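**Q** As input, take work_13.txt (compact mmCIF, C-alpha atoms and all ligand atoms):
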```txt
# COMPACT_ATOMS: atom_id res chain seq x y z
CA MET A 23 32.30 -9.51 33.27
CA ASN A 24 29.21 -7.34 33.01
CA ALA A 25 26.68 -7.07 30.19
CA PHE A 26 28.49 -4.21 28.46
CA ASP A 27 31.64 -6.30 28.10
CA LEU A 28 29.62 -8.81 26.11
CA ILE A 29 28.40 -6.30 23.53
CA PRO A 30 31.52 -6.37 21.29
CA LYS A 31 31.25 -10.16 21.17
CA LEU A 32 27.58 -9.88 20.25
CA VAL A 33 28.35 -7.40 17.49
CA ARG A 34 31.14 -9.58 16.13
CA SER A 35 29.02 -12.71 16.04
CA SER A 36 26.13 -10.79 14.44
CA LEU A 37 28.35 -9.46 11.69
CA GLU A 38 29.66 -12.94 11.09
CA ALA A 39 26.11 -14.31 11.17
CA ASP A 40 27.22 -16.80 13.77
CA LYS A 41 23.83 -17.72 15.11
CA LYS A 42 25.05 -20.07 17.81
CA ASN A 43 27.35 -17.47 19.33
CA ILE A 44 24.74 -14.74 19.02
CA GLU A 45 22.30 -16.87 20.98
CA ALA A 46 24.81 -17.81 23.65
CA THR A 47 26.00 -14.23 24.14
CA ALA A 48 22.49 -12.80 24.11
CA LEU A 49 21.43 -15.30 26.73
CA MET A 50 24.34 -14.30 28.94
CA ILE A 51 23.43 -10.64 28.54
CA ALA A 52 19.79 -11.39 29.40
CA ARG A 53 20.85 -13.16 32.60
CA LYS A 54 23.16 -10.35 33.66
CA ILE A 55 20.67 -7.54 33.13
CA LYS A 56 17.66 -9.42 34.47
CA LYS A 57 17.72 -7.77 37.87
CA ASP A 58 18.19 -4.17 36.77
CA TYR A 59 16.37 -4.26 33.44
CA PRO A 60 13.77 -7.02 33.66
CA ALA A 61 11.74 -5.87 30.63
CA ALA A 62 14.74 -5.81 28.30
CA ALA A 63 15.92 -9.16 29.62
CA GLU A 64 12.54 -10.67 28.96
CA GLU A 65 12.48 -9.27 25.45
CA ILE A 66 15.83 -10.88 24.72
CA THR A 67 14.67 -14.23 26.08
CA LYS A 68 11.54 -14.08 23.97
CA ALA A 69 13.46 -13.14 20.84
CA LEU A 70 15.69 -16.15 21.46
CA ALA A 71 12.69 -18.39 21.92
CA TYR A 72 11.25 -17.31 18.57
CA SER A 73 14.51 -17.58 16.79
CA ARG A 74 14.58 -21.21 17.88
CA LEU A 75 11.07 -21.71 16.63
CA ASP A 76 12.40 -20.53 13.32
CA SER A 77 9.77 -17.85 12.87
CA PRO A 78 11.76 -15.11 11.20
CA VAL A 79 9.06 -12.42 11.25
CA THR A 80 8.86 -12.27 15.00
CA ARG A 81 12.57 -12.64 15.44
CA SER A 82 13.50 -9.20 16.57
CA ILE A 83 10.35 -7.88 18.10
CA ASP A 84 8.71 -8.64 21.33
CA LEU A 85 5.69 -10.53 20.08
CA GLN A 86 3.79 -13.61 20.98
CA PRO A 87 3.48 -16.40 18.42
CA LEU A 88 1.10 -15.56 15.60
CA PRO A 89 -2.39 -17.00 15.75
CA VAL A 90 -2.92 -19.95 13.44
CA ASP A 91 -5.96 -21.71 12.08
CA LYS A 92 -6.64 -24.62 14.41
CA GLU A 93 -6.94 -27.27 11.77
CA THR A 94 -4.70 -26.17 8.96
CA ARG A 95 -2.09 -24.57 11.27
CA TYR A 96 -1.74 -21.86 8.65
CA SER A 97 -0.87 -18.49 9.96
CA LEU A 98 -3.96 -16.29 9.81
CA VAL A 99 -2.10 -13.06 9.48
CA LYS A 100 1.24 -11.73 8.49
CA ILE A 101 3.17 -9.35 10.62
CA GLU A 102 5.77 -6.92 9.46
CA GLU A 103 8.03 -4.47 11.15
CA PRO A 104 7.72 -0.87 9.98
CA ILE A 105 10.02 0.15 7.17
CA GLU A 106 10.76 3.61 5.89
CA MET A 107 8.55 4.60 2.96
CA PRO A 108 8.12 7.83 1.00
CA ASP A 109 4.95 9.76 1.76
CA PRO A 110 1.96 8.67 -0.27
CA ILE A 111 0.94 11.21 -2.88
CA LEU A 112 -2.54 12.33 -1.95
CA GLU A 113 -4.84 15.31 -2.06
CA ASP A 114 -4.12 17.82 0.71
CA PHE A 115 -7.38 17.23 2.51
CA ILE A 116 -6.67 13.50 2.96
CA ARG A 117 -3.03 14.06 3.73
CA GLN A 118 -3.95 16.50 6.46
CA GLN A 119 -6.33 14.05 8.10
CA LEU A 120 -3.68 11.35 8.12
CA GLU A 121 -1.21 13.78 9.68
CA ASP A 122 -3.81 14.69 12.31
CA PHE A 123 -4.34 11.04 13.10
CA ILE A 124 -0.58 10.47 13.47
CA LYS A 125 -0.26 13.49 15.71
CA GLU A 126 -3.18 12.39 17.86
CA ARG A 127 -1.71 8.91 18.21
CA GLN A 128 1.61 10.37 19.25
CA ILE A 129 0.06 12.18 22.20
CA LEU A 130 -2.06 9.22 23.23
CA GLU A 131 -1.08 9.42 26.89
CA ASP A 132 -1.85 13.14 27.09
CA PHE A 133 -5.31 12.47 25.72
CA LEU A 134 -5.91 9.66 28.18
CA ARG A 135 -4.77 11.81 31.07
CA GLU A 136 -7.26 14.49 30.08
CA ASP A 137 -10.02 11.93 29.65
CA ILE A 138 -10.17 12.53 25.92
CA VAL A 139 -10.81 9.45 23.80
CA PRO A 140 -7.97 9.11 21.30
CA PRO A 141 -8.77 7.97 17.75
CA ASN A 142 -7.80 4.42 16.97
CA SER A 143 -9.32 3.50 13.63
CA ILE A 144 -9.47 4.64 10.03
CA LEU A 145 -11.43 3.19 7.16
CA LEU A 146 -9.90 3.78 3.74
CA ASP A 147 -12.15 3.42 0.76
CA GLY A 148 -11.63 4.06 -2.90
CA PRO A 149 -11.00 2.30 -6.21
CA PRO A 150 -8.18 -0.24 -6.58
CA GLY A 151 -4.62 1.03 -6.94
CA VAL A 152 -5.00 4.42 -5.26
CA GLY A 153 -2.74 3.56 -2.33
CA LYS A 154 -4.96 2.19 0.44
CA THR A 155 -2.63 -0.68 1.33
CA TYR A 156 0.34 1.64 0.88
CA ILE A 157 -1.15 4.14 3.34
CA ALA A 158 -1.66 1.42 5.98
CA TYR A 159 1.99 0.42 5.78
CA TRP A 160 3.11 4.03 5.70
CA LEU A 161 1.11 4.68 8.88
CA ALA A 162 2.94 1.76 10.49
CA TYR A 163 6.19 3.44 9.56
CA ARG A 164 5.10 6.85 10.83
CA LEU A 165 3.80 5.39 14.08
CA ASN A 166 6.80 3.10 14.33
CA THR A 167 4.61 0.08 15.02
CA PRO A 168 4.56 -3.43 13.59
CA ILE A 169 1.61 -4.05 11.31
CA ILE A 170 -0.51 -7.20 11.32
CA THR A 171 -2.37 -7.77 8.07
CA LEU A 172 -5.48 -9.85 7.85
CA ASP A 173 -6.56 -10.28 4.28
CA LEU A 174 -10.22 -11.04 4.68
CA ALA A 175 -10.66 -12.03 1.06
CA SER A 176 -8.34 -14.99 1.44
CA SER A 177 -9.11 -16.00 4.99
CA ILE A 178 -12.85 -16.10 4.50
CA SER A 179 -12.74 -18.24 1.44
CA SER A 180 -10.39 -20.76 2.96
CA TYR A 181 -11.84 -21.22 6.39
CA LEU A 182 -15.35 -19.90 6.31
CA GLY A 183 -16.60 -22.23 9.02
CA ARG A 184 -13.93 -21.20 11.46
CA THR A 185 -13.52 -17.58 10.45
CA GLY A 186 -15.43 -16.25 13.45
CA GLN A 187 -13.11 -17.90 15.94
CA ASN A 188 -10.14 -16.95 13.83
CA ILE A 189 -11.16 -13.31 13.79
CA ARG A 190 -11.54 -13.39 17.56
CA ASN A 191 -8.07 -14.87 17.95
CA ILE A 192 -6.58 -12.26 15.69
CA PHE A 193 -8.14 -9.40 17.60
CA ASP A 194 -7.01 -10.96 20.89
CA TYR A 195 -3.55 -11.12 19.50
CA ALA A 196 -3.60 -7.55 18.19
CA ARG A 197 -4.94 -6.30 21.50
CA SER A 198 -2.11 -7.88 23.43
CA GLN A 199 0.55 -6.04 21.43
CA ARG A 200 1.25 -2.50 20.44
CA THR A 201 0.47 -2.98 16.78
CA ILE A 202 -1.62 -1.81 13.88
CA LEU A 203 -4.21 -4.33 12.79
CA PHE A 204 -4.85 -3.91 9.09
CA LEU A 205 -8.07 -5.40 7.76
CA ASP A 206 -7.54 -5.43 4.02
CA GLU A 207 -10.43 -6.05 1.59
CA LEU A 208 -12.93 -5.60 4.37
CA ASP A 209 -15.83 -5.89 1.93
CA ALA A 210 -15.04 -9.59 1.50
CA ILE A 211 -17.21 -10.12 4.54
CA ALA A 212 -20.14 -8.47 2.84
CA LYS A 213 -19.50 -9.52 -0.71
CA ARG A 214 -20.53 -13.10 -0.35
CA ARG A 215 -23.74 -12.33 1.41
CA ASP A 216 -25.66 -13.07 -1.77
CA ASP A 217 -24.34 -16.56 -1.59
CA ALA A 218 -27.37 -18.19 0.04
CA GLY A 219 -25.46 -21.12 1.55
CA ASP A 220 -23.05 -18.88 3.38
CA LEU A 221 -25.52 -16.25 4.40
CA GLY A 222 -25.95 -17.26 8.03
CA GLU A 223 -22.26 -17.74 8.55
CA LEU A 224 -21.40 -14.36 7.07
CA LYS A 225 -24.00 -12.60 9.17
CA ARG A 226 -22.43 -14.13 12.23
CA LEU A 227 -19.06 -12.97 11.03
CA VAL A 228 -20.22 -9.41 10.65
CA ASN A 229 -21.42 -9.56 14.23
CA VAL A 230 -18.15 -10.98 15.46
CA LEU A 231 -16.28 -8.25 13.65
CA LEU A 232 -18.54 -5.55 15.04
CA LYS A 233 -18.09 -6.77 18.56
CA GLU A 234 -14.34 -7.05 18.21
CA LEU A 235 -14.10 -3.56 16.73
CA GLU A 236 -16.15 -2.26 19.62
CA ASP A 237 -13.92 -3.92 22.21
CA CYS A 238 -10.69 -2.64 20.80
CA PRO A 239 -8.79 -0.56 23.36
CA SER A 240 -7.21 2.71 22.35
CA SER A 241 -3.76 1.14 22.44
CA CYS A 242 -4.63 -0.83 19.33
CA VAL A 243 -4.88 0.88 15.94
CA ILE A 244 -7.22 -0.58 13.34
CA ILE A 245 -7.04 0.33 9.67
CA GLY A 246 -9.65 -1.05 7.31
CA ALA A 247 -9.54 -0.88 3.52
CA THR A 248 -12.21 -1.55 0.94
CA ASN A 249 -12.71 -1.09 -2.78
CA HIS A 250 -16.46 -1.51 -2.39
CA PRO A 251 -17.71 0.68 0.41
CA GLU A 252 -21.27 0.24 -0.83
CA LEU A 253 -21.09 -3.47 0.06
CA LEU A 254 -19.95 -2.82 3.57
CA ASP A 255 -22.39 -3.17 6.39
CA LYS A 256 -23.23 0.34 7.61
CA ALA A 257 -22.76 -0.80 11.19
CA ILE A 258 -19.15 -1.75 10.47
CA TRP A 259 -18.66 1.56 8.77
CA ARG A 260 -19.81 3.43 11.84
CA ARG A 261 -17.32 1.66 14.10
CA PHE A 262 -14.45 3.50 12.45
CA ASP A 263 -13.41 6.93 13.73
CA ARG A 264 -12.78 8.35 10.30
CA THR A 265 -13.54 7.29 6.79
CA LEU A 266 -11.15 8.60 4.19
CA THR A 267 -12.13 8.28 0.57
CA ILE A 268 -9.03 8.02 -1.57
CA SER A 269 -9.70 9.23 -5.11
CA MET A 270 -8.02 8.65 -8.43
CA PRO A 271 -4.99 10.96 -8.66
CA ASP A 272 -5.67 14.46 -9.99
CA GLU A 273 -3.31 16.35 -12.28
CA ARG A 274 -1.00 17.59 -9.55
CA GLU A 275 -0.77 14.12 -7.99
CA ARG A 276 -0.14 12.46 -11.34
CA ARG A 277 2.69 14.85 -11.99
CA SER A 278 4.24 14.12 -8.60
CA LEU A 279 3.86 10.36 -9.10
CA LEU A 280 5.51 10.54 -12.50
CA ILE A 281 8.33 12.78 -11.33
CA ARG A 282 8.99 10.58 -8.29
CA HIS A 283 8.95 7.31 -10.19
CA LEU A 284 10.64 8.41 -13.40
CA GLY A 285 13.63 9.76 -11.50
CA LYS A 286 16.53 10.58 -13.81
CA PHE A 287 14.50 9.64 -16.88
CA GLY A 288 11.96 12.30 -15.90
CA ASP A 289 14.64 14.97 -15.63
CA GLU A 290 15.75 14.21 -19.16
CA LEU A 291 12.25 14.15 -20.58
CA ARG A 292 11.08 17.23 -22.48
CA LYS A 293 8.67 19.35 -20.52
CA ASP A 294 5.96 19.20 -23.17
CA THR A 295 6.13 15.39 -23.12
CA LEU A 296 5.84 15.24 -19.35
CA ASP A 297 2.88 17.66 -19.53
CA TYR A 298 1.28 15.40 -22.12
CA LEU A 299 1.74 12.35 -19.90
CA VAL A 300 0.22 14.17 -16.95
CA LYS A 301 -2.78 15.24 -18.98
CA HIS A 302 -3.38 11.89 -20.64
CA THR A 303 -3.14 9.66 -17.57
CA LYS A 304 -6.44 10.99 -16.30
CA ASN A 305 -8.21 7.69 -15.70
CA ILE A 306 -5.16 5.73 -14.68
CA ASN A 307 -4.71 4.90 -11.01
CA ALA A 308 -1.57 5.63 -9.00
CA ALA A 309 -0.40 2.02 -9.05
CA ASP A 310 -0.55 1.90 -12.86
CA ILE A 311 1.21 5.26 -13.16
CA CYS A 312 4.03 3.80 -11.08
CA LYS A 313 4.11 0.74 -13.34
CA LEU A 314 4.09 2.91 -16.46
CA SER A 315 7.09 4.81 -15.13
CA GLU A 316 8.96 1.56 -14.55
CA HIS A 317 8.20 0.38 -18.10
CA MET A 318 9.63 3.62 -19.46
CA LYS A 319 12.79 3.46 -17.39
CA ARG A 320 13.46 -0.15 -18.34
CA ARG A 321 12.98 0.53 -22.02
CA ALA A 322 15.18 3.63 -21.90
CA PHE A 323 17.88 1.57 -20.27
CA LEU A 324 17.61 -1.26 -22.78
CA SER A 325 17.47 0.93 -25.89
CA PRO A 326 19.62 3.96 -25.19
CA ASN A 327 19.40 5.18 -28.80
CA GLU A 328 15.66 5.44 -28.88
CA PRO A 329 14.42 9.02 -28.26
CA LEU A 330 12.95 9.38 -24.76
CA GLN A 331 9.89 11.12 -26.12
CA ILE A 332 8.99 8.13 -28.31
CA ILE A 333 9.59 5.74 -25.41
CA ALA A 334 7.38 7.75 -23.08
CA LEU A 335 4.52 8.19 -25.51
CA SER A 336 4.51 4.65 -26.82
CA GLU A 337 4.54 3.16 -23.31
CA LEU A 338 1.61 5.42 -22.50
CA TYR A 339 -0.42 4.03 -25.38
CA LYS A 340 0.52 0.48 -24.46
CA ILE A 341 -1.36 0.81 -21.21
CA LYS A 342 -4.05 2.99 -22.78
CA PRO A 343 -4.92 1.01 -25.91
CA LEU A 344 -6.69 2.87 -28.70
CA ALA A 345 -9.85 0.89 -29.19
CA THR A 346 -11.92 2.58 -31.87
CA LYS A 347 -11.05 4.08 -35.20
CA GLU A 348 -12.14 7.43 -33.88
CA ASP A 349 -9.72 7.15 -30.94
CA LYS A 350 -6.92 6.25 -33.30
CA THR A 351 -7.62 9.12 -35.68
CA ASN A 352 -7.92 11.62 -32.87
CA ILE A 353 -4.73 10.57 -31.15
CA CYS A 354 -2.68 10.59 -34.36
CA ARG A 355 -3.86 14.11 -35.08
CA LEU A 356 -3.39 15.25 -31.53
CA LEU A 357 0.19 13.94 -31.43
CA LYS A 358 0.97 15.75 -34.67
CA LYS A 359 -0.56 18.94 -33.32
CA GLU A 360 1.16 18.83 -29.91
CA PHE A 361 4.55 17.68 -31.15
CA SER A 362 5.25 19.11 -34.57
CA GLY A 363 8.61 17.30 -34.69
CA LEU A 364 7.04 13.84 -34.82
CA SER A 365 7.17 12.07 -38.17
CA VAL A 366 4.53 9.68 -39.49
CA ARG A 367 6.88 6.84 -38.59
CA ASP A 368 7.22 8.14 -35.02
CA ILE A 369 3.46 8.35 -34.64
CA SER A 370 3.16 4.86 -36.04
CA MET A 371 5.68 3.61 -33.44
CA ILE A 372 3.83 5.34 -30.64
CA THR A 373 0.36 4.21 -31.55
CA GLN A 374 1.20 0.84 -33.13
CA ILE A 375 -0.87 1.89 -36.14
CA PRO A 376 0.71 1.15 -39.56
CA SER A 377 2.39 4.18 -41.16
CA THR A 378 0.11 4.20 -44.20
CA THR A 379 -2.94 4.40 -41.95
CA VAL A 380 -1.38 7.16 -39.86
CA SER A 381 -0.69 9.08 -43.10
CA ARG A 382 -4.29 8.70 -44.11
CA TYR A 383 -5.62 9.93 -40.76
CA LEU A 384 -3.29 12.95 -40.87
CA SER A 385 -3.99 13.87 -44.46
CA VAL A 386 -7.74 14.01 -43.83
CA ASN A 387 -6.92 16.55 -41.17
CA ARG A 388 -4.74 18.57 -43.49
CA LYS A 389 -7.50 18.89 -46.02
CA GLY A 390 -9.06 21.54 -43.87
CA ASP A 391 -11.01 19.25 -41.58
CA GLU A 392 -11.31 21.51 -38.55
CA GLU A 393 -13.05 19.08 -36.20
CA HIS A 394 -11.98 19.25 -32.61
CA VAL A 395 -9.43 16.64 -31.75
CA GLU A 396 -8.66 14.89 -28.50
N1 LIG A 401 -1.20 7.62 -3.48
C1 LIG A 401 -0.07 6.95 -3.78
N2 LIG A 401 1.13 7.52 -3.55
C2 LIG A 401 2.27 6.86 -3.86
N3 LIG A 401 2.30 5.61 -4.37
C3 LIG A 401 1.14 4.99 -4.62
C4 LIG A 401 -0.10 5.63 -4.31
N4 LIG A 401 -1.10 4.79 -4.65
C5 LIG A 401 -0.52 3.67 -5.13
N5 LIG A 401 0.82 3.77 -5.11
C6 LIG A 401 1.76 2.75 -5.57
O1 LIG A 401 1.02 1.66 -6.13
C7 LIG A 401 1.21 0.47 -5.37
C8 LIG A 401 -0.11 -0.28 -5.23
O2 LIG A 401 -1.05 0.49 -4.52
P1 LIG A 401 -1.95 -0.13 -3.36
O3 LIG A 401 -1.62 0.56 -2.08
O4 LIG A 401 -1.83 -1.61 -3.35
O5 LIG A 401 -3.41 0.30 -3.83
P2 LIG A 401 -4.82 -0.17 -3.22
O6 LIG A 401 -4.55 -0.84 -1.92
O7 LIG A 401 -5.60 1.10 -3.11
O8 LIG A 401 -5.41 -1.08 -4.25
C9 LIG A 401 1.77 0.94 -4.04
O9 LIG A 401 2.59 -0.04 -3.46
C10 LIG A 401 2.56 2.18 -4.43
O10 LIG A 401 3.82 1.82 -4.94
MG MG A 402 -4.95 -2.84 -1.41
```
Before we go any further, please render this structure as structure tokens.

**A**
Amino acid sequence: MNAFDLIPKLVRSSLEADKKNIEATALMIARKIKKDYPAAAEEITKALAYSRLDSPVTRSIDLQPLPVDKETRYSLVKIEEPIEMPDPILEDFIRQQLEDFIKERQILEDFLREDIVPPNSILLDGPPGVGKTYIAYWLAYRLNTPIITLDLASSISSYLGRTGQNIRNIFDYARSQRTILFLDELDAIAKRRDDAGDLGELKRLVNVLLKELEDCPSSCVIIGATNHPELLDKAIWRRFDRTLTISMPDERERRSLLIRHLGKFGDELRKDTLDYLVKHTKNINAADICKLSEHMKRRAFLSPNEPLQIIALSELYKIKPLATKEDKTNICRLLKKEFSGLSVRDISMITQIPSTTVSRYLSVNRKGDEEHVE
């Protein structure tokens, strides 16, 4: 019996989730192919070893055990295999640079042959919720590489004293694999510098990080992300090949986000309502626009008799509360102006302002008050 004859058995046991048989068959295959395909055989043996250790994340990939904190034995990082994700919605300039980076990584060997240094790091900065973490995972998908995430905010606070050694171990680990190392919330290292007690330790950490970034070979991709670039040590900043500043979504991006996330609900929504949503989500980040879309879809599903326009507009004003009387007056008038079909009751539903008050705001307008509304 050769290795190929064992494949149907392996498939059958996998489909039946018969772990014992999967292991036995895989081991037989590994032994049979060892001579001709040593690398594949070794990968199988390793996968089996991890499966026995009960570490599901490393189950199917050829990876060494994850580094752990010496004392707590907690895993310092999480590792995930790439999964397919839709493209992030970004301005063209940023999108192009990410595509360039992907292309350059794909011809890594050609670069090395020509003595050209390939890029291996990107720093993403920008306000929360604009897609920095999403981009890191999407890059893992595009480069078809597992991604190791080190969340500095949580690791520093829990093991400050040992963070230096931990960071070294993590970089050692990342270097030994073909992976993306994702340093999320990179500013956590800088943020606590004001904290006098921790000052020395954090300075040391910055130095450790700098050295590790410096020593990273081109086989290893490093993505950093920060919401507070101004807190980041300039020296760290300089270690990255490119810095991409991700901005709040502009009108075109907001429209794409809404259309993508609203799905069928978006198709059924009146065009003027969609336009209104696009215009009035100006200071809302991409993550919240996605959430808003989900709120709308859920409500539409739960109350099928409620007009979609009312659902859309009232969910908008739930996440964009009207704080002052002026805001309230302006929005009531604007809604009436933009959507002549809306009744006082509709506007009251949308804005959560009592009908009598809405009537009052609108009637002031009708009396020839020509002030600009928005
Ligand atoms: N530019 C974007 N394109 C598509 N989806 C986005 C974008 N930005 C954010 N999202 C959505 O919002 C979620 C949260 O964003 P996240 O990447 O965590 O933001 P950040 O890391 O910048 O705080 C993402 O998982 C994704 O669903
Ligand atoms: Mg993030």

**Q** Taking only C-alpha atoms and all ligand atoms and a cut-off of 6 Å, can you tell me which residues surround ligand LIG 401 (chain A), written as a PDB file with C-alpha atoms, keeping the file's coordinate frame?

**A**
```pdb
ATOM      1  CA  PRO A 110       1.960   8.670  -0.270  1.00  0.00           C
ATOM      2  CA  ILE A 111       0.940  11.210  -2.880  1.00  0.00           C
ATOM      3  CA  LEU A 112      -2.540  12.330  -1.950  1.00  0.00           C
ATOM      4  CA  PRO A 150      -8.180  -0.240  -6.580  1.00  0.00           C
ATOM      5  CA  GLY A 151      -4.620   1.030  -6.940  1.00  0.00           C
ATOM      6  CA  VAL A 152      -5.000   4.420  -5.260  1.00  0.00           C
ATOM      7  CA  GLY A 153      -2.740   3.560  -2.330  1.00  0.00           C
ATOM      8  CA  LYS A 154      -4.960   2.190   0.440  1.00  0.00           C
ATOM      9  CA  THR A 155      -2.630  -0.680   1.330  1.00  0.00           C
ATOM     10  CA  TYR A 156       0.340   1.640   0.880  1.00  0.00           C
ATOM     11  CA  ALA A 308      -1.570   5.630  -9.000  1.00  0.00           C
ATOM     12  CA  ALA A 309      -0.400   2.020  -9.050  1.00  0.00           C
TER      13      ALA A 309
END
```

**Q** Pick the closest to Glu290 in chain A from A:Lys54, A:Lys319, A:Arg261, A:Lys359: which is it, counting all atoms listed in the file?

**A**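 Checking each candidate against Glu290 in chain A, we get A:Lys319 as the closest.
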
**Q** For ligand MG 402 (chain A), return the neighbouring residues as a PyMOL selection string (distance at most 12 Å; all atoms listed in the file).

**A** chain A and resi 146-159+171-175+204-209+245-250+268+308-309

**Q** Box for range 281-288 of chain A - axis-aligned, 4 Å on each of the six sides, all listed atoms - centre and size in Å to one decimal, as JSON.

**A**
```
{"center_x": 12.4, "center_y": 10.0, "center_z": -12.6, "size_x": 16.2, "size_y": 13.5, "size_z": 16.6}
```

**Q** Could you pull out every residue with an atom within 12 Å of (-2.7, 13.6, -17.7), file coordinates, counting all atoms listed in the file, and send them as an MDAnalysis selection string?

**A** chainID A and resid 270:280 294:308 311 335 338 342

**Q** Please measure the separation of CA of Met318 in chain A and CA of Lys293 in chain A, giving the value in Å to one decimal.

**A**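 That distance, rounded to one decimal, is 15.8 Å.
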
**Q** Between A:Lys41, A:Lys233, A:Arg164, A:Arg321, which one has atoms that come closest to Ala257 in chain A, using all atoms listed in the file?

**A**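 Of A:Lys41, A:Lys233, A:Arg164, A:Arg321, the one nearest Ala257 in chain A is A:Lys233, counting all atoms listed in the file.
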
**Q** Which distance in Å separates CA of Met50 in chain A and CA of Gln199 in chain A, to one decimal?

**A**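 That distance, rounded to one decimal, is 26.3 Å.
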
**Q** Pick from A:Leu364, A:Phe323, A:Thr373, A:Leu284: nearest to Lys340 in chain A, with all atoms listed in the file counted?

**A**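 Nearest to Lys340 in chain A: A:Thr373.
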
**Q** Taking the point (7.2, -0.6, -20.7) as given in the file, collect each protein or nucleic acid residue that comes within 10 Å of it, counting only C-alpha atoms, and present the set as a PyMOL selection string.

**A** chain A and resi 313-322+333-334+336-338+340-341

**Q** Between CA of Gly363 in chain A and CA of Ile332 in chain A, what distance in Å does the model show, to one decimal?

**A**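 Here the two named atoms are 11.2 Å from each other.
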
**Q** Considering all atoms listed in the file, can you say which of A:Phe287, A:Val90, A:Leu165, A:Asp109 comes closest to Arg190 in chain A?

**A**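 Nearest to Arg190 in chain A: A:Val90.
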
**Q** Which of these, A:Ser269, A:Arg292, A:Ile55, A:Pro104, has the shortest distance to Met23 in chain A once you count all atoms listed in the file?

**A**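 Smallest separation from Met23 in chain A among the options: A:Ile55.
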